[in-house]
Amino acid sequence: MGKTLFEKVWDAHVVKQLPDGQALLYIDLHLVHEVTSPQAFAGLRFAKRSVRQPSQTFATMDHNVPTVNPTDVRDAIAKKQIETLMENCREFNVSLAGLDSPFQGIVHVIGPELGLTLPGKTIVCGDSHTSTHGAFGALAFGIGTSEVEHVLATQCLWQNKPKTMRIRLNGSLQPGITAKDVILGLIAKYGVNFGTGYVVEYAGTLISQLSMEQRMTICNMSIEFGARAGMMAPDETTIAYVKGRQHAPYGEAWEAAVSEWKSLVSDADAQFDVDIEFDVESLEPQVTWGTNPGMGGSVNGVVPDPADAATETEARAIRQALEYMGLEPGTKISEIPIQHVFIGSCTNARIEDLRLAAAIVKGRKVAEGVHAMVVPGSKQVKQQAEEEGLHEVFLAAGFEWREPGCSMCLGMNPDIIPAGERSASTSNRNFEGRQGRGARTHLVSPAMAAAAAIAGHFVDVRTFQSEGVTA
Ligand SMILES: CC(C)[C@H](C(=O)O)[C@@H](O)C(=O)O
Ligand code: SF4
């Protein structure tokens, strides 16, 4: 029987297999950030151990970093975490893209950008959105702090072999529809738990039509339906993206790598434990109305009525979500006013995301009473955007143009939404309190966020564009 892409990468990294099913995996790349690494390094220091493979370990700071003036860290915990990471990287000889580096940024943005993320690698990070890197055909997943310590010390990790799921994304996207709508639509249909215990391979006719940025958006949110990892087979688009990047192989090593990457596809007779098909052809722009990424639907829909729910448990969940979100059943999604727009995060703060948003914003103004900001995913994204003049488009429209970091994606830094206020956000989680205590988050694509900023409420980006609405 043939092997799946996942099995090929997994099998190539098993150092030791135990009879109970556990395997010791070799880890090719360990990404580190300031929040989940302090105790891990402290553990190493306590045990008088060193980092096993400093050259396969790479750190940056993102979660805590203030985005107005990154070096002005006022919060005591944030300051401590940032300083501790600097100290740890110095002491343990780990490369760090710190605040003074031109490569600093959100960990899941800089890995691919620097060519650290490569097809066929095993990649871990003390962060759930490590699934992002699977877009390259890497096996990439988040780990806890004790596992971070284990990987630092040994470059290996014990894992139970996950089951496999294939999700075939079939069709082409209509103009104005993006990868964000695909992943939100998929989770809205199947719920937030259907991937639990599985490594997902995204296949189907859509994938080859997507840029790496779009592929990363989909893989990034695999964790939001519980998947251990999301993967896509590398193809010409992947290879073209990786080529010439700082840490990518070159010369003869490049040729060898490329021919190896070409074998990273699921064999025709490979078996998946679960097979799903999702047609993207008729997908509409998605907006979440609730407090998990599965509570969403088309911008042309309405807020659901708990009375229509299939089960009492579901009705209760909807009721609770609507109460937190301050929404009434039956309200048109397009009539929900917003006060904040956040274009950023490891889901949607890459150059293409900013280009898409800027194309909507160009020549228009942010609606009165709306606070809108763009937070590029990395210093390199910021620089590229500025070279293209995107920052001027945003600034002229009334957006703020910030320094890279996780920012408003989560309330761990000064970028917080006040209680009771509502945001259109390109991030990946809309949990209660995610963007600040009492803050109400609606997840959307960058194009939809940009359109909402101009209109002051949600609006179908397709009609918005064709009508040239300036609100
Ligand atoms: C802080 C970190 C542990 C966390 C994660 O693992 O995902 C964060 O990045 C998030 O998005 O919630
Ligand atoms: S941008 Fe958001 S989701 Fe991504 S790593 Fe930072 S906090 Fe987590």
# chains A, B, ... in the order shown; residues from 1 in each chain; ligands from 1
$ closest_atom_pairs --of "chain A" --to "ligand 2" --cutoff "7 Å" --atoms "only C-alpha atoms and all ligand atoms" --output "Markdown table"
| residue | atom | partner | partner_atom_place_in_ligand_line | distance |
| --- | --- | --- | --- | --- |
| A:Asp62 | CA | ligand 2 | 6 (Fe) | 6.6 |
| A:His63 | CA | ligand 2 | 6 (Fe) | 5.5 |
| A:Ile106 | CA | ligand 2 | 6 (Fe) | 6.2 |
| A:Val107 | CA | ligand 2 | 5 (S) | 6.6 |
| A:His108 | CA | ligand 2 | 5 (S) | 6.7 |
| A:Asp127 | CA | ligand 2 | 5 (S) | 6.5 |
| A:His129 | CA | ligand 2 | 3 (S) | 5.9 |
| A:Ser345 | CA | ligand 2 | 1 (S) | 3.7 |
| A:Cys346 | CA | ligand 2 | 4 (Fe) | 4.2 |
| A:Thr347 | CA | ligand 2 | 4 (Fe) | 6.6 |
| A:Cys406 | CA | ligand 2 | 1 (S) | 4.0 |
| A:Cys409 | CA | ligand 2 | 2 (Fe) | 4.5 |
| A:Leu410 | CA | ligand 2 | 7 (S) | 5.3 |
| A:Ser427 | CA | ligand 2 | 2 (Fe) | 6.5 |
| A:Asn428 | CA | ligand 2 | 3 (S) | 6.2 |
$ write_last_selection --atoms "N, CA and C atoms" --output "PDB file, in the first residue's frame"
ATOM      1  N   ASP A  62       7.450  38.195  19.406  1.00  0.00           N
ATOM      2  CA  ASP A  62       6.266  38.636  18.670  1.00  0.00           C
ATOM      3  C   ASP A  62       5.043  38.938  19.546  1.00  0.00           C
ATOM      4  N   HIS A  63       4.727  38.050  20.483  1.00  0.00           N
ATOM      5  CA  HIS A  63       3.470  38.182  21.231  1.00  0.00           C
ATOM      6  C   HIS A  63       3.362  39.462  22.058  1.00  0.00           C
ATOM      7  N   ILE A 106       6.338  37.902  13.440  1.00  0.00           N
ATOM      8  CA  ILE A 106       5.583  36.787  14.013  1.00  0.00           C
ATOM      9  C   ILE A 106       6.270  35.494  13.583  1.00  0.00           C
ATOM     10  N   VAL A 107       6.460  34.617  14.533  1.00  0.00           N
ATOM     11  CA  VAL A 107       7.260  33.411  14.311  1.00  0.00           C
ATOM     12  C   VAL A 107       6.808  32.630  13.068  1.00  0.00           C
ATOM     13  N   HIS A 108       5.499  32.571  12.834  1.00  0.00           N
ATOM     14  CA  HIS A 108       5.004  31.793  11.694  1.00  0.00           C
ATOM     15  C   HIS A 108       5.075  32.558  10.369  1.00  0.00           C
ATOM     16  N   ASP A 127       3.781  26.793  20.170  1.00  0.00           N
ATOM     17  CA  ASP A 127       2.719  27.678  19.688  1.00  0.00           C
ATOM     18  C   ASP A 127       1.767  26.911  18.774  1.00  0.00           C
ATOM     19  N   HIS A 129      -0.235  27.678  16.398  1.00  0.00           N
ATOM     20  CA  HIS A 129      -0.360  27.961  14.962  1.00  0.00           C
ATOM     21  C   HIS A 129       0.856  27.557  14.133  1.00  0.00           C
ATOM     22  N   SER A 345      -1.757  39.509  12.144  1.00  0.00           N
ATOM     23  CA  SER A 345      -1.662  38.134  12.678  1.00  0.00           C
ATOM     24  C   SER A 345      -0.989  37.151  11.717  1.00  0.00           C
ATOM     25  N   CYS A 346      -0.615  36.003  12.275  1.00  0.00           N
ATOM     26  CA  CYS A 346       0.067  34.981  11.475  1.00  0.00           C
ATOM     27  C   CYS A 346      -0.865  34.342  10.445  1.00  0.00           C
ATOM     28  N   THR A 347      -2.161  34.642  10.530  1.00  0.00           N
ATOM     29  CA  THR A 347      -3.098  34.125   9.533  1.00  0.00           C
ATOM     30  C   THR A 347      -3.092  34.994   8.275  1.00  0.00           C
ATOM     31  N   CYS A 406       2.345  40.251  17.141  1.00  0.00           N
ATOM     32  CA  CYS A 406       1.031  39.586  17.190  1.00  0.00           C
ATOM     33  C   CYS A 406      -0.099  40.596  17.384  1.00  0.00           C
ATOM     34  N   CYS A 409      -4.178  40.398  17.776  1.00  0.00           N
ATOM     35  CA  CYS A 409      -4.633  39.012  17.661  1.00  0.00           C
ATOM     36  C   CYS A 409      -4.947  38.433  19.031  1.00  0.00           C
ATOM     37  N   LEU A 410      -4.182  38.852  20.025  1.00  0.00           N
ATOM     38  CA  LEU A 410      -4.487  38.429  21.394  1.00  0.00           C
ATOM     39  C   LEU A 410      -4.056  39.494  22.395  1.00  0.00           C
ATOM     40  N   SER A 427      -7.510  37.892  12.147  1.00  0.00           N
ATOM     41  CA  SER A 427      -6.823  36.882  12.953  1.00  0.00           C
ATOM     42  C   SER A 427      -7.583  35.552  12.911  1.00  0.00           C
ATOM     43  N   ASN A 428      -7.286  34.659  13.843  1.00  0.00           N
ATOM     44  CA  ASN A 428      -7.808  33.293  13.744  1.00  0.00           C
ATOM     45  C   ASN A 428      -8.685  32.846  14.896  1.00  0.00           C
TER      46      ASN A 428
END
$ closest_atom_pairs --of "chain A" --to "ligand 1" --cutoff "12 Å" --atoms "only C-alpha atoms and all ligand atoms" --output "Markdown table"
| residue | atom | partner | partner_atom_place_in_ligand_line | distance |
| --- | --- | --- | --- | --- |
| A:Val32 | CA | ligand 1 | 3 (C) | 10.7 |
| A:His33 | CA | ligand 1 | 1 (C) | 8.7 |
| A:Glu34 | CA | ligand 1 | 1 (C) | 8.8 |
| A:Val35 | CA | ligand 1 | 1 (C) | 5.9 |
| A:Thr36 | CA | ligand 1 | 3 (C) | 6.0 |
| A:Ser37 | CA | ligand 1 | 3 (C) | 9.6 |
| A:Met61 | CA | ligand 1 | 1 (C) | 11.1 |
| A:Asp62 | CA | ligand 1 | 9 (O) | 9.0 |
| A:His63 | CA | ligand 1 | 1 (C) | 6.8 |
| A:Asn64 | CA | ligand 1 | 1 (C) | 9.3 |
| A:Ala78 | CA | ligand 1 | 1 (C) | 11.8 |
| A:Gln81 | CA | ligand 1 | 1 (C) | 11.8 |
| A:Ile106 | CA | ligand 1 | 9 (O) | 9.3 |
| A:Val107 | CA | ligand 1 | 9 (O) | 9.2 |
| A:His108 | CA | ligand 1 | 9 (O) | 9.6 |
| A:Val124 | CA | ligand 1 | 6 (O) | 11.4 |
| A:Cys125 | CA | ligand 1 | 6 (O) | 8.6 |
| A:Gly126 | CA | ligand 1 | 3 (C) | 6.2 |
| A:Asp127 | CA | ligand 1 | 6 (O) | 3.4 |
| A:Ser128 | CA | ligand 1 | 6 (O) | 3.9 |
| A:His129 | CA | ligand 1 | 7 (O) | 5.5 |
| A:Thr130 | CA | ligand 1 | 7 (O) | 8.2 |
| A:Ser131 | CA | ligand 1 | 7 (O) | 10.1 |
| A:Thr132 | CA | ligand 1 | 7 (O) | 11.3 |
| A:Phe141 | CA | ligand 1 | 6 (O) | 10.2 |
| A:Gly142 | CA | ligand 1 | 6 (O) | 6.9 |
| A:Ile143 | CA | ligand 1 | 6 (O) | 8.1 |
| A:Gly144 | CA | ligand 1 | 3 (C) | 8.0 |
| A:Thr145 | CA | ligand 1 | 3 (C) | 8.8 |
| A:Val148 | CA | ligand 1 | 3 (C) | 11.5 |
| A:Asn220 | CA | ligand 1 | 11 (O) | 10.2 |
| A:Met221 | CA | ligand 1 | 11 (O) | 10.2 |
| A:Ser222 | CA | ligand 1 | 7 (O) | 11.8 |
| A:Ile223 | CA | ligand 1 | 7 (O) | 9.0 |
| A:Glu224 | CA | ligand 1 | 7 (O) | 10.0 |
| A:Ser345 | CA | ligand 1 | 11 (O) | 8.8 |
| A:Cys346 | CA | ligand 1 | 11 (O) | 8.6 |
| A:Thr347 | CA | ligand 1 | 11 (O) | 9.9 |
| A:Gly405 | CA | ligand 1 | 9 (O) | 10.9 |
| A:Cys406 | CA | ligand 1 | 9 (O) | 7.9 |
| A:Ser407 | CA | ligand 1 | 11 (O) | 10.7 |
| A:Met408 | CA | ligand 1 | 11 (O) | 10.7 |
| A:Cys409 | CA | ligand 1 | 11 (O) | 7.3 |
| A:Leu410 | CA | ligand 1 | 12 (O) | 6.7 |
| A:Gly411 | CA | ligand 1 | 12 (O) | 9.5 |
| A:Met412 | CA | ligand 1 | 1 (C) | 8.3 |
| A:Asn413 | CA | ligand 1 | 1 (C) | 11.3 |
| A:Ser427 | CA | ligand 1 | 11 (O) | 9.0 |
| A:Asn428 | CA | ligand 1 | 11 (O) | 7.8 |
| A:Arg429 | CA | ligand 1 | 11 (O) | 7.5 |
| A:Asn430 | CA | ligand 1 | 12 (O) | 10.5 |
| A:Phe431 | CA | ligand 1 | 12 (O) | 9.9 |
| A:Gly433 | CA | ligand 1 | 12 (O) | 11.5 |
| A:Arg434 | CA | ligand 1 | 12 (O) | 8.3 |
| A:Gln435 | CA | ligand 1 | 12 (O) | 10.6 |
$ residues_around --residues "stretch 4-7 of chain A" --least-positions-apart "3" --cutoff "9 Å" --atoms "only C-alpha atoms" --output "PyMOL selection string"
chain A and resi 10-12+120+137-139+164+199-201+231-233+263-272
$ closest_residue --among "A:Arg168, A:Gly185, A:Pro249, A:Gln56" --to "A:Leu283" --atoms "only C-alpha atoms"
A:Gly185
$ residues_around --residues "stretch 189-196 of chain A" --least-positions-apart "6" --cutoff "10 Å" --atoms "only C-alpha atoms" --output "list in words"
Pro162, Lys163, Thr164, Met165, Ile183, Ser222, Ile223, Glu224, Phe225, Gly226, Ala227, Arg228, Ala229, Gly230, Val274, Phe278, Asn292, Pro293, Gly294, Met295, Gly296 and Gly297 of chain A
$ residues_around --residues "A:Val109" --least-positions-apart "6" --cutoff "10 Å" --atoms "only C-alpha atoms" --output "PyMOL selection string"
chain A and resi 103+117+132-133+213+216+345-350+376-381
$ write_last_selection --atoms "C-alpha atoms" --output "PDB file, in the first residue's frame"
ATOM      1  CA  PHE A 103      14.044  39.831  10.274  1.00  0.00           C
ATOM      2  CA  THR A 117      10.536  26.343   6.712  1.00  0.00           C
ATOM      3  CA  THR A 132       1.027  27.228   9.296  1.00  0.00           C
ATOM      4  CA  HIS A 133       4.313  25.720   8.089  1.00  0.00           C
ATOM      5  CA  GLU A 213       0.431  33.045   1.346  1.00  0.00           C
ATOM      6  CA  MET A 216      -0.455  29.280   4.778  1.00  0.00           C
ATOM      7  CA  SER A 345      -1.662  38.134  12.678  1.00  0.00           C
ATOM      8  CA  CYS A 346       0.067  34.981  11.475  1.00  0.00           C
ATOM      9  CA  THR A 347      -3.098  34.125   9.533  1.00  0.00           C
ATOM     10  CA  ASN A 348      -3.266  37.214   7.343  1.00  0.00           C
ATOM     11  CA  ALA A 349      -0.373  39.675   7.663  1.00  0.00           C
ATOM     12  CA  ARG A 350       1.784  38.614   4.748  1.00  0.00           C
ATOM     13  CA  PRO A 376       2.538  43.725   9.086  1.00  0.00           C
ATOM     14  CA  GLY A 377       3.559  40.195  10.040  1.00  0.00           C
ATOM     15  CA  SER A 378       7.267  40.902   9.971  1.00  0.00           C
ATOM     16  CA  LYS A 379       9.862  43.582   9.385  1.00  0.00           C
ATOM     17  CA  GLN A 380      10.423  42.172   5.902  1.00  0.00           C
ATOM     18  CA  VAL A 381       6.709  42.308   5.081  1.00  0.00           C
TER      19      VAL A 381
END
$ atom_distance --atom1 "atom CA of A:Ala248" --atom2 "atom CA of A:Gly115"
4.8 Å
$ atom_distance --atom1 "atom CA of A:Val361" --atom2 "atom CA of A:Glu400"
12.8 Å
$ select_by_dssp --residues "stretch 48-172 of chain A" --states "helix (DSSP H, G or I)" --output "MDAnalysis selection string"
chainID A and resid 54:56 76:92 107:113 128:136 145:154
$ residues_around --residues "A:Ser259" --least-positions-apart "4" --cutoff "12 Å" --atoms "only C-alpha atoms" --output "PyMOL selection string"
chain A and resi 119-120+234-236+239+252-255+263-264
$ atom_distance --atom1 "atom CA of A:Tyr250" --atom2 "atom CA of A:Ser50"
29.7 Å
$ residues_around --residues "A:Asn88" --least-positions-apart "6" --cutoff "8 Å" --atoms "only C-alpha atoms" --output "PyMOL selection string"
chain A and resi 38+41+94
$ closest_atom_pairs --of "stretch 184-231 of chain A" --to "stretch 172-179 of chain A" --cutoff "7 Å" --atoms "only C-alpha atoms" --output "CSV"
residue,atom,partner,partner_atom,distance
A:Leu206,CA,A:Ser172,CA,5.8
A:Gln214,CA,A:Ala179,CA,5.3
A:Thr217,CA,A:Ala179,CA,6.3
A:Ile218,CA,A:Ala179,CA,6.1
$ write_last_selection --atoms "N, CA and C atoms" --output "PDB file, in the first residue's frame"
ATOM      1  N   LEU A 206      -8.229  22.972  -5.890  1.00  0.00           N
ATOM      2  CA  LEU A 206      -7.983  24.371  -5.507  1.00  0.00           C
ATOM      3  C   LEU A 206      -6.510  24.651  -5.215  1.00  0.00           C
ATOM      4  N   GLN A 214      -1.700  32.205   0.578  1.00  0.00           N
ATOM      5  CA  GLN A 214      -3.060  31.685   0.746  1.00  0.00           C
ATOM      6  C   GLN A 214      -3.027  30.284   1.366  1.00  0.00           C
ATOM      7  N   THR A 217      -2.519  30.523   5.049  1.00  0.00           N
ATOM      8  CA  THR A 217      -3.725  30.942   5.779  1.00  0.00           C
ATOM      9  C   THR A 217      -4.580  29.717   6.120  1.00  0.00           C
ATOM     10  N   ILE A 218      -4.709  28.810   5.173  1.00  0.00           N
ATOM     11  CA  ILE A 218      -5.517  27.607   5.413  1.00  0.00           C
ATOM     12  C   ILE A 218      -4.847  26.715   6.449  1.00  0.00           C
TER      13      ILE A 218
END
